[in-house]
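The file protein37.csv contains CSV, C-alpha atoms:
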chain,number,residue,atom,x,y,z
O,1,MET,CA,97.2,96.3,110.0
O,2,CYS,CA,94.2,97.7,108.2
O,3,LEU,CA,91.6,100.2,109.3
O,4,ARG,CA,88.1,98.9,108.6
O,5,ASP,CA,86.4,101.1,105.9
O,6,GLN,CA,89.6,103.1,105.4
O,7,TRP,CA,91.9,100.6,103.9
O,8,VAL,CA,95.0,102.4,105.2
O,9,VAL,CA,97.8,99.9,105.6
O,10,ILE,CA,100.8,100.4,107.9
O,11,THR,CA,103.5,98.0,106.8
O,12,GLN,CA,104.8,96.2,109.8
O,13,ALA,CA,107.2,93.8,108.4
O,14,ARG,CA,110.3,93.2,110.5
O,15,CYS,CA,112.3,96.4,110.3
O,16,PRO,CA,115.9,95.8,109.0
O,17,GLU,CA,118.8,96.4,111.3
O,18,PRO,CA,120.5,99.7,110.7
O,19,ARG,CA,123.2,99.4,108.1
O,20,ARG,CA,126.8,99.7,109.3
O,21,ARG,CA,128.1,103.0,108.3
O,22,GLN,CA,131.4,103.1,106.5
O,23,ALA,CA,133.5,106.2,107.0
O,24,GLY,CA,130.7,108.0,108.7
O,25,GLY,CA,127.7,106.6,106.8
O,26,ALA,CA,125.9,107.9,103.8
O,27,SER,CA,127.0,111.4,103.0
O,28,LEU,CA,126.8,114.0,100.3
O,29,ARG,CA,130.5,114.1,99.6
O,30,SER,CA,131.0,114.2,103.4
O,31,VAL,CA,128.5,116.8,104.8
O,32,ARG,CA,130.4,119.6,106.5
O,33,PRO,CA,129.0,121.5,109.5
O,34,SER,CA,127.8,124.9,108.5
O,35,ARG,CA,129.8,127.8,110.0
O,36,GLU,CA,127.3,130.3,108.8
O,37,ARG,CA,124.5,131.8,110.9
O,38,VAL,CA,121.6,129.4,111.1
O,39,SER,CA,118.7,130.7,109.1
O,40,PRO,CA,115.1,129.6,109.3
O,41,PRO,CA,114.2,126.5,107.2
O,42,HIS,CA,112.8,127.2,103.8
O,43,HIS,CA,109.7,125.3,103.0
O,44,ARG,CA,109.2,124.0,99.5
O,45,GLY,CA,105.7,125.3,98.5
O,46,LEU,CA,104.5,127.9,96.1
O,47,GLY,CA,103.2,131.2,97.4
O,48,ASP,CA,100.4,133.7,97.0
O,49,ALA,CA,103.0,136.4,96.5
O,50,ALA,CA,104.3,134.5,93.5
O,51,ALA,CA,100.8,134.3,91.9
O,52,GLY,CA,100.8,138.0,91.1
O,53,ALA,CA,104.2,137.7,89.4
O,54,ALA,CA,103.3,134.7,87.3
O,55,ALA,CA,103.5,135.0,83.5
O,56,MET,CA,101.0,132.8,81.7
O,57,ALA,CA,102.3,130.5,78.9
O,58,PRO,CA,101.5,131.6,75.4
O,59,ALA,CA,98.6,129.9,73.7
O,60,GLY,CA,99.4,126.4,72.6
O,61,GLY,CA,102.4,126.0,74.8
O,62,PRO,CA,102.6,124.4,78.3
O,63,ARG,CA,105.6,126.4,79.5
O,64,VAL,CA,105.1,128.9,82.2
O,65,TRP,CA,107.4,131.6,83.5
O,66,MET,CA,106.8,132.6,87.1
O,67,LEU,CA,108.4,133.9,90.3
O,68,SER,CA,108.6,131.3,93.0
O,69,ALA,CA,107.5,132.1,96.5
O,70,LEU,CA,111.0,131.6,97.9
O,71,ALA,CA,112.6,133.7,95.2
O,72,ALA,CA,110.1,136.5,96.1
O,73,ALA,CA,111.1,136.2,99.7
O,74,VAL,CA,114.7,136.7,98.8
O,75,ILE,CA,114.0,139.6,96.5
O,76,LEU,CA,111.7,141.3,98.9
O,77,GLY,CA,113.9,140.7,101.9
O,78,ALA,CA,111.3,138.7,103.8
O,79,ALA,CA,112.3,138.0,107.4
O,80,GLU,CA,110.5,134.7,107.6
O,81,PRO,CA,110.7,131.7,105.2
O,82,VAL,CA,107.9,131.6,102.6
O,83,LEU,CA,105.9,128.4,103.1
O,84,ALA,CA,104.5,125.8,100.8
O,85,ASN,CA,100.9,126.7,100.9
O,86,GLU,CA,101.1,129.7,98.7
O,87,ASP,CA,99.9,129.3,95.2
O,88,ILE,CA,101.1,130.1,91.6
O,89,SER,CA,98.8,130.2,88.6
O,90,CYS,CA,100.6,127.8,86.2
O,91,TYR,CA,98.1,127.5,83.4
O,92,ASN,CA,94.9,129.0,82.0
O,93,PRO,CA,91.7,127.4,83.3
O,94,SER,CA,90.4,124.6,81.1
O,95,ASP,CA,87.0,123.0,80.7
O,96,PRO,CA,86.3,121.1,83.9
O,97,GLY,CA,84.3,118.5,82.0
O,98,PRO,CA,80.7,117.4,82.2
O,99,PRO,CA,79.0,116.7,85.5
O,100,GLY,CA,79.7,113.2,86.7
O,101,SER,CA,82.9,112.8,84.8
O,102,ASP,CA,86.3,112.4,86.4
O,103,ARG,CA,86.7,116.1,85.8
O,104,ASP,CA,83.8,116.9,88.0
O,105,LEU,CA,84.6,117.8,91.6
O,106,GLY,CA,81.5,116.1,92.9
O,107,ALA,CA,79.2,117.0,95.7
O,108,GLY,CA,80.3,117.1,99.3
O,109,PRO,CA,80.2,119.4,102.4
O,110,GLN,CA,82.8,122.1,102.5
O,111,GLU,CA,84.6,122.7,105.8
O,112,ASP,CA,86.8,125.7,105.9
O,113,ALA,CA,89.9,125.1,108.0
O,114,ALA,CA,91.7,128.0,109.6
O,115,SER,CA,94.2,129.4,107.0
O,116,ASP,CA,97.9,129.5,107.7
O,117,ARG,CA,99.1,132.2,105.4
O,118,SER,CA,102.7,131.1,105.5
O,119,GLY,CA,103.8,128.4,103.2
O,120,SER,CA,106.2,127.3,100.4
O,121,SER,CA,106.7,124.5,98.0
O,122,SER,CA,109.5,122.8,96.3
O,123,ARG,CA,110.3,121.1,93.1
O,124,ILE,CA,112.6,118.4,91.7
O,125,VAL,CA,115.9,119.8,90.6
O,126,ASN,CA,117.9,117.7,88.1
O,127,GLY,CA,115.4,114.8,88.3
O,128,SER,CA,113.8,113.1,85.3
O,129,ASP,CA,110.3,112.5,83.9
O,130,CYS,CA,108.5,109.8,85.9
O,131,GLU,CA,107.3,106.9,83.9
O,132,ARG,CA,103.5,107.3,83.5
O,133,ASP,CA,101.4,105.6,86.2
O,134,THR,CA,104.4,104.6,88.3
O,135,GLN,CA,103.3,107.0,91.1
O,136,PRO,CA,99.5,106.4,91.3
O,137,TRP,CA,99.5,107.8,94.9
O,138,GLN,CA,100.8,111.2,93.9
O,139,GLY,CA,98.4,114.0,94.3
O,140,ALA,CA,98.3,117.7,93.6
O,141,LEU,CA,96.7,120.4,95.8
O,142,LEU,CA,95.2,123.2,93.7
O,143,LEU,CA,93.7,126.5,94.6
O,144,GLY,CA,92.1,126.6,91.1
O,145,PRO,CA,92.7,125.2,87.7
O,146,GLY,CA,96.4,125.1,87.1
O,147,GLN,CA,97.1,126.7,90.5
O,148,LEU,CA,99.5,124.1,92.1
O,149,TYR,CA,100.7,125.0,95.6
O,150,CYS,CA,101.7,121.6,97.1
O,151,GLY,CA,102.0,117.9,96.5
O,152,ALA,CA,100.2,115.2,98.5
O,153,VAL,CA,100.0,111.4,98.7
O,154,LEU,CA,97.0,109.1,98.8
O,155,VAL,CA,97.1,106.8,101.8
O,156,ALA,CA,93.5,105.6,102.0
O,157,PRO,CA,90.4,105.7,99.7
O,158,GLN,CA,89.3,109.1,101.3
O,159,TRP,CA,92.5,110.4,102.8
O,160,LEU,CA,95.7,112.1,101.7
O,161,LEU,CA,98.8,113.1,103.6
O,162,THR,CA,100.7,116.4,102.9
O,163,ALA,CA,102.8,118.8,104.8
O,164,ALA,CA,101.2,120.8,107.6
O,165,HIS,CA,102.5,124.0,106.2
O,166,CYS,CA,100.4,123.4,103.1
O,167,ARG,CA,97.1,124.1,105.0
O,168,LYS,CA,94.5,126.2,103.2
O,169,PRO,CA,90.8,126.8,104.0
O,170,VAL,CA,89.6,125.8,100.5
O,171,PHE,CA,91.4,123.7,97.9
O,172,ARG,CA,90.9,121.0,95.3
O,173,VAL,CA,92.8,117.8,94.9
O,174,ARG,CA,93.8,116.2,91.6
O,175,LEU,CA,94.8,112.5,91.4
O,176,GLY,CA,95.8,110.3,88.4
O,177,HIS,CA,97.3,113.2,86.4
O,178,HIS,CA,100.8,113.0,84.8
O,179,SER,CA,101.1,116.4,83.2
O,180,MET,CA,101.0,119.8,85.0
O,181,SER,CA,98.6,121.1,82.4
O,182,PRO,CA,94.9,121.4,83.5
O,183,VAL,CA,93.8,119.7,80.3
O,184,TYR,CA,91.8,116.6,81.1
O,185,GLU,CA,93.8,113.2,81.2
O,186,SER,CA,92.1,109.8,80.9
O,187,GLY,CA,92.1,108.3,84.4
O,188,GLN,CA,92.3,111.5,86.4
O,189,GLN,CA,90.0,112.1,89.3
O,190,MET,CA,89.2,115.5,91.0
O,191,PHE,CA,88.0,116.1,94.5
O,192,LYS,CA,87.3,118.7,97.2
O,193,GLY,CA,89.2,118.7,100.4
O,194,ILE,CA,86.5,118.9,103.1
O,195,LYS,CA,88.7,118.6,106.2
O,196,SER,CA,92.3,119.3,106.9
O,197,ILE,CA,93.9,118.1,110.1
O,198,PRO,CA,97.4,119.2,110.8
O,199,HIS,CA,99.4,117.3,113.4
O,200,PRO,CA,98.8,119.0,116.8
O,201,GLY,CA,102.5,119.2,117.4
O,202,TYR,CA,103.3,121.1,114.2
O,203,SER,CA,105.5,124.2,115.0
O,204,HIS,CA,106.4,127.2,112.9
O,205,PRO,CA,109.0,128.3,111.9
O,206,GLY,CA,110.9,125.2,113.0
O,207,HIS,CA,108.5,122.9,111.2
O,208,SER,CA,108.6,120.0,113.5
O,209,ASN,CA,105.9,117.4,113.0
O,210,ASP,CA,105.2,118.7,109.5
O,211,LEU,CA,102.3,116.6,108.4
O,212,MET,CA,98.6,117.0,107.8
O,213,LEU,CA,95.7,114.6,106.9
O,214,ILE,CA,93.2,115.7,104.2
O,215,LYS,CA,89.8,114.2,104.0
O,216,LEU,CA,88.2,114.1,100.5
O,217,ASN,CA,84.5,114.7,99.7
O,218,ARG,CA,84.2,111.1,98.5
O,219,LYS,CA,86.2,107.9,98.1
O,220,VAL,CA,88.5,107.5,95.1
O,221,ARG,CA,87.9,104.9,92.5
O,222,GLU,CA,91.0,102.8,92.7
O,223,SER,CA,92.6,102.2,89.2
O,224,ARG,CA,95.8,101.9,87.4
O,225,THR,CA,96.3,105.7,87.7
O,226,VAL,CA,94.9,106.2,91.2
O,227,LYS,CA,96.0,103.9,94.1
O,228,ALA,CA,96.9,104.4,97.8
O,229,ILE,CA,100.3,103.5,99.1
O,230,ASN,CA,101.2,101.7,102.4
O,231,ILE,CA,103.0,103.7,105.1
O,232,SER,CA,106.1,102.2,106.5
O,233,SER,CA,106.3,101.7,110.3
O,234,CYS,CA,110.1,101.3,110.0
O,235,CYS,CA,112.3,104.4,110.2
O,236,PRO,CA,114.8,104.7,107.4
O,237,SER,CA,118.4,103.8,107.9
O,238,ALA,CA,121.4,105.6,106.4
O,239,GLY,CA,122.1,104.5,102.9
O,240,THR,CA,118.5,103.6,102.0
O,241,ARG,CA,117.7,104.5,98.4
O,242,CYS,CA,114.3,106.3,97.9
O,243,THR,CA,112.3,108.1,95.3
O,244,VAL,CA,110.8,111.6,95.7
O,245,SER,CA,108.3,113.0,93.1
O,246,GLY,CA,106.6,116.2,92.3
O,247,TRP,CA,105.8,119.0,89.9
O,248,GLY,CA,107.9,121.6,91.6
O,249,THR,CA,110.4,123.9,90.1
O,250,THR,CA,113.3,122.3,88.3
O,251,ASN,CA,115.7,125.2,88.0
O,252,ASN,CA,116.7,127.6,90.8
O,253,SER,CA,117.6,130.5,88.5
O,254,GLN,CA,114.8,130.3,86.0
O,255,HIS,CA,112.0,129.0,88.2
O,256,ALA,CA,111.0,126.7,85.4
O,257,PHE,CA,108.2,124.2,86.0
O,258,PRO,CA,108.2,120.7,84.4
O,259,LYS,CA,105.6,119.6,81.8
O,260,VAL,CA,105.1,116.2,83.6
O,261,LEU,CA,105.7,114.7,87.0
O,262,GLN,CA,109.4,114.5,88.0
O,263,CYS,CA,111.1,111.7,89.9
O,264,LEU,CA,114.4,111.7,91.6
O,265,ASN,CA,116.4,108.9,93.4
O,266,ILE,CA,117.8,110.1,96.7
O,267,THR,CA,119.8,108.5,99.6
O,268,VAL,CA,118.9,108.8,103.3
O,269,LEU,CA,121.7,110.3,105.4
O,270,SER,CA,122.5,109.4,109.0
O,271,GLU,CA,121.0,111.5,111.8
O,272,GLU,CA,124.5,112.7,112.6
O,273,ARG,CA,125.2,113.9,109.1
O,274,CYS,CA,121.7,115.6,109.0
O,275,LYS,CA,122.4,117.5,112.2
O,276,GLU,CA,125.8,118.5,110.9
O,277,ALA,CA,124.2,120.0,107.8
O,278,TYR,CA,121.6,121.9,109.8
O,279,PRO,CA,122.9,122.5,113.4
O,280,GLY,CA,120.1,123.0,115.9
O,281,GLN,CA,117.3,122.5,113.4
O,282,ILE,CA,116.8,118.7,113.2
O,283,ASP,CA,114.6,116.6,115.5
O,284,HIS,CA,113.1,113.1,115.6
O,285,SER,CA,110.3,114.1,113.2
O,286,MET,CA,112.7,114.7,110.3
O,287,PHE,CA,115.3,112.9,108.2
O,288,CYS,CA,117.7,114.2,105.6
O,289,ALA,CA,118.2,112.7,102.1
O,290,GLY,CA,120.0,113.9,99.0
O,291,ASP,CA,122.2,113.1,96.1
O,292,GLU,CA,125.9,113.7,95.4
O,293,GLU,CA,125.2,115.1,92.0
O,294,GLY,CA,123.3,118.1,93.3
O,295,ARG,CA,119.8,116.8,92.8
O,296,ASP,CA,117.0,117.8,95.2
O,297,SER,CA,113.4,118.5,95.8
O,298,CYS,CA,112.5,122.2,95.5
O,299,GLN,CA,109.8,124.9,95.3
O,300,GLY,CA,106.4,123.3,94.6
O,301,ASP,CA,107.2,119.8,95.9
O,302,SER,CA,106.1,120.3,99.5
O,303,GLY,CA,103.9,117.5,100.9
O,304,GLY,CA,104.9,115.1,98.1
O,305,PRO,CA,105.9,111.5,98.8
O,306,VAL,CA,109.2,109.9,99.6
O,307,VAL,CA,108.9,106.2,98.7
O,308,CYS,CA,111.5,103.7,100.0
O,309,ASP,CA,111.3,99.9,99.2
O,310,GLY,CA,107.7,100.3,97.9
O,311,SER,CA,106.3,102.0,101.1
O,312,LEU,CA,105.7,105.7,102.0
O,313,GLN,CA,108.6,106.8,104.2
O,314,GLY,CA,108.4,110.6,104.2
O,315,LEU,CA,107.0,113.9,102.9
O,316,VAL,CA,108.8,116.8,101.3
O,317,SER,CA,109.1,119.4,104.1
O,318,TRP,CA,112.0,122.0,103.9
O,319,GLY,CA,115.5,122.6,102.8
O,320,ASP,CA,118.1,125.3,102.0
O,321,TYR,CA,117.6,127.8,99.2
O,322,PRO,CA,118.8,127.7,96.4
O,323,CYS,CA,117.9,124.0,96.2
O,324,ALA,CA,120.3,121.2,95.3
O,325,GLN,CA,123.4,122.8,97.0
O,326,PRO,CA,126.3,120.5,97.9
O,327,ASN,CA,126.2,119.5,101.6
O,328,ARG,CA,122.7,120.9,102.0
O,329,PRO,CA,120.3,117.9,101.7
O,330,GLY,CA,116.6,118.1,101.6
O,331,VAL,CA,114.7,117.6,104.9
O,332,TYR,CA,111.7,115.3,105.0
O,333,THR,CA,108.9,114.4,107.5
O,334,ASN,CA,109.7,111.1,109.1
O,335,LEU,CA,106.4,109.3,108.9
O,336,CYS,CA,107.4,106.1,110.9
O,337,ASN,CA,107.0,108.2,114.1
O,338,PHE,CA,103.4,109.1,113.2
O,339,THR,CA,101.6,105.9,112.2
O,340,LYS,CA,99.5,105.7,115.4
O,341,TRP,CA,98.4,109.4,115.0
O,342,ILE,CA,97.5,108.8,111.4
O,343,GLN,CA,95.4,105.7,112.1
O,344,ASP,CA,93.7,107.2,115.1
O,345,THR,CA,92.8,110.5,113.3
O,346,MET,CA,91.3,108.7,110.3
O,347,ARG,CA,89.4,106.4,112.5
O,348,SER,CA,87.8,109.2,114.5
O,349,ASN,CA,87.0,111.4,111.5

Can I see the file as structure tokens?
Amino acid sequence: MCLRDQWVVITQARCPEPRRRQAGGASLRSVRPSRERVSPPHHRGLGDAAAGAAAMAPAGGPRVWMLSALAAAVILGAAEPVLANEDISCYNPSDPGPPGSDRDLGAGPQEDAASDRSGSSSRIVNGSDCERDTQPWQGALLLGPGQLYCGAVLVAPQWLLTAAHCRKPVFRVRLGHHSMSPVYESGQQMFKGIKSIPHPGYSHPGHSNDLMLIKLNRKVRESRTVKAINISSCCPSAGTRCTVSGWGTTNNSQHAFPKVLQCLNITVLSEERCKEAYPGQIDHSMFCAGDEEGRDSCQGDSGGPVVCDGSLQGLVSWGDYPCAQPNRPGVYTNLCNFTKWIQDTMRSN
């Protein structure tokens, strides 16, 4: 089904029957119920608090040392989870390029949305470098050159999806970029976000219905490096293999950020296993996925895509901290339940 003038496609092929579970279905070495006090979910974004603690990379080197928002929350004893819409200055500003180039933000009205100051982001732990141009729908939300605070995914020529906890009044969007460096890459496109529309059912701190649409100031130029992805109308079954991607932190202890986009293969868990891992915190708007080897999304990845069988299945939402702990899978927004809202919202805006 296509929306005229929007091109968003909701894949409506016959959904497969749920796979039979063997010995309890997909598990991360058999997820055990937590006997600890249930804590608020940790979002996987980068925070404003972290920006002040960021150490810029030395000249000529792309490495950056900074304190992630979630780490800051732990150190400062924050009572609430730090959410993914807080920013970290990763790199020194670079030449934005001449007007009219892909580096130019372009003209367009600026609509300031109400700012939700809570936020966090996550990053891929123990993943690997994505092959260049294999994730052309991947976007980065920036507060300034090199100031990544969330991921996003292109779903139509003028629309992206991200997590609702990534909402900011003003931000820029970068598409078609492989490196985290602000240095211009051939094929990249830069935009302004002129409208952000979080799902009306989004709740904090439980983070149900954690999705938001972002309207760009102009349509993208579809290319090898920038391309929208279809949204699946089928909910994922236990055992489904998916890929999550992002530029988030790759090491819990060092808060290291990757040079290029990271990819990780994860497995969808059954709803039962998901609820065992996070008692009282999981609802129909979420699904769990993880990896037996301790690989996970983490700080800086919030709002990024989870792709299963070539279609967009979910968005990075929240998880335990430190990331990539045994029996503590990542939690993702379950987009199959929101296809009508996505279509209706784009159509009316």

For Asn209 of chain O: contacts at 9 Å, all atoms listed in the file, fewer than 5 positions along chain excluded, given as a PyMOL selection string: chain O and resi 163-164+198-203+284-286+333-334+338

Selection file, C-alpha atoms, as a CSV table (one decimal), in the coordinates of the input:
chain,number,residue,atom,x,y,z
O,163,ALA,CA,102.8,118.8,104.8
O,164,ALA,CA,101.2,120.8,107.6
O,198,PRO,CA,97.4,119.2,110.8
O,199,HIS,CA,99.4,117.3,113.4
O,200,PRO,CA,98.8,119.0,116.8
O,201,GLY,CA,102.5,119.2,117.4
O,202,TYR,CA,103.3,121.1,114.2
O,203,SER,CA,105.5,124.2,115.0
O,284,HIS,CA,113.1,113.1,115.6
O,285,SER,CA,110.3,114.1,113.2
O,286,MET,CA,112.7,114.7,110.3
O,333,THR,CA,108.9,114.4,107.5
O,334,ASN,CA,109.7,111.1,109.1
O,338,PHE,CA,103.4,109.1,113.2

Coordinates-based distance that separates atom CA of Glu271 of chain O from atom CA of Ile214 of chain O (Å, one decimal):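 These atoms are spaced 29.1 Å apart.
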
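The closest residue to Leu211 of chain O, picked from O:Gly144, O:Gly139, O:Gly310, O:Gly304 and counting only C-alpha atoms, is O:Gly304.
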
Using all atoms listed in the file: which of O:Ser302, O:Asn327, O:Thr225, O:Asn337 has the shortest distance to Arg132 of chain O: O:Thr225

Among the residues O:Met190, O:Val173, O:Cys130, O:Val306, the one that comes closest to Cys150 of chain O [using all atoms listed in the file]: O:Val173

Between atom CA of Gly246 of chain O and atom CA of Cys263 of chain O - distance in Å to one decimal: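 Interatomic distance, atom CA of Cys263 of chain O to atom CA of Gly246 of chain O: 6.8 Å.
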
Expected residue set, 6 Å radius at (105.1, 115.6, 90.4), only C-alpha atoms, as a ChimeraX atom specification: /O:245-247,261-262

Nearest-residue call for Leu269 of chain O, choices O:Lys219, O:Arg241, O:Lys227, O:His178, using only C-alpha atoms: O:Arg241

Interatomic distance, atom CA of Cys288 of chain O to atom CA of Ile266 of chain O (Å, one decimal):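 Computed distance, atom CA of Cys288 of chain O to atom CA of Ile266 of chain O, equals 9.8 Å.
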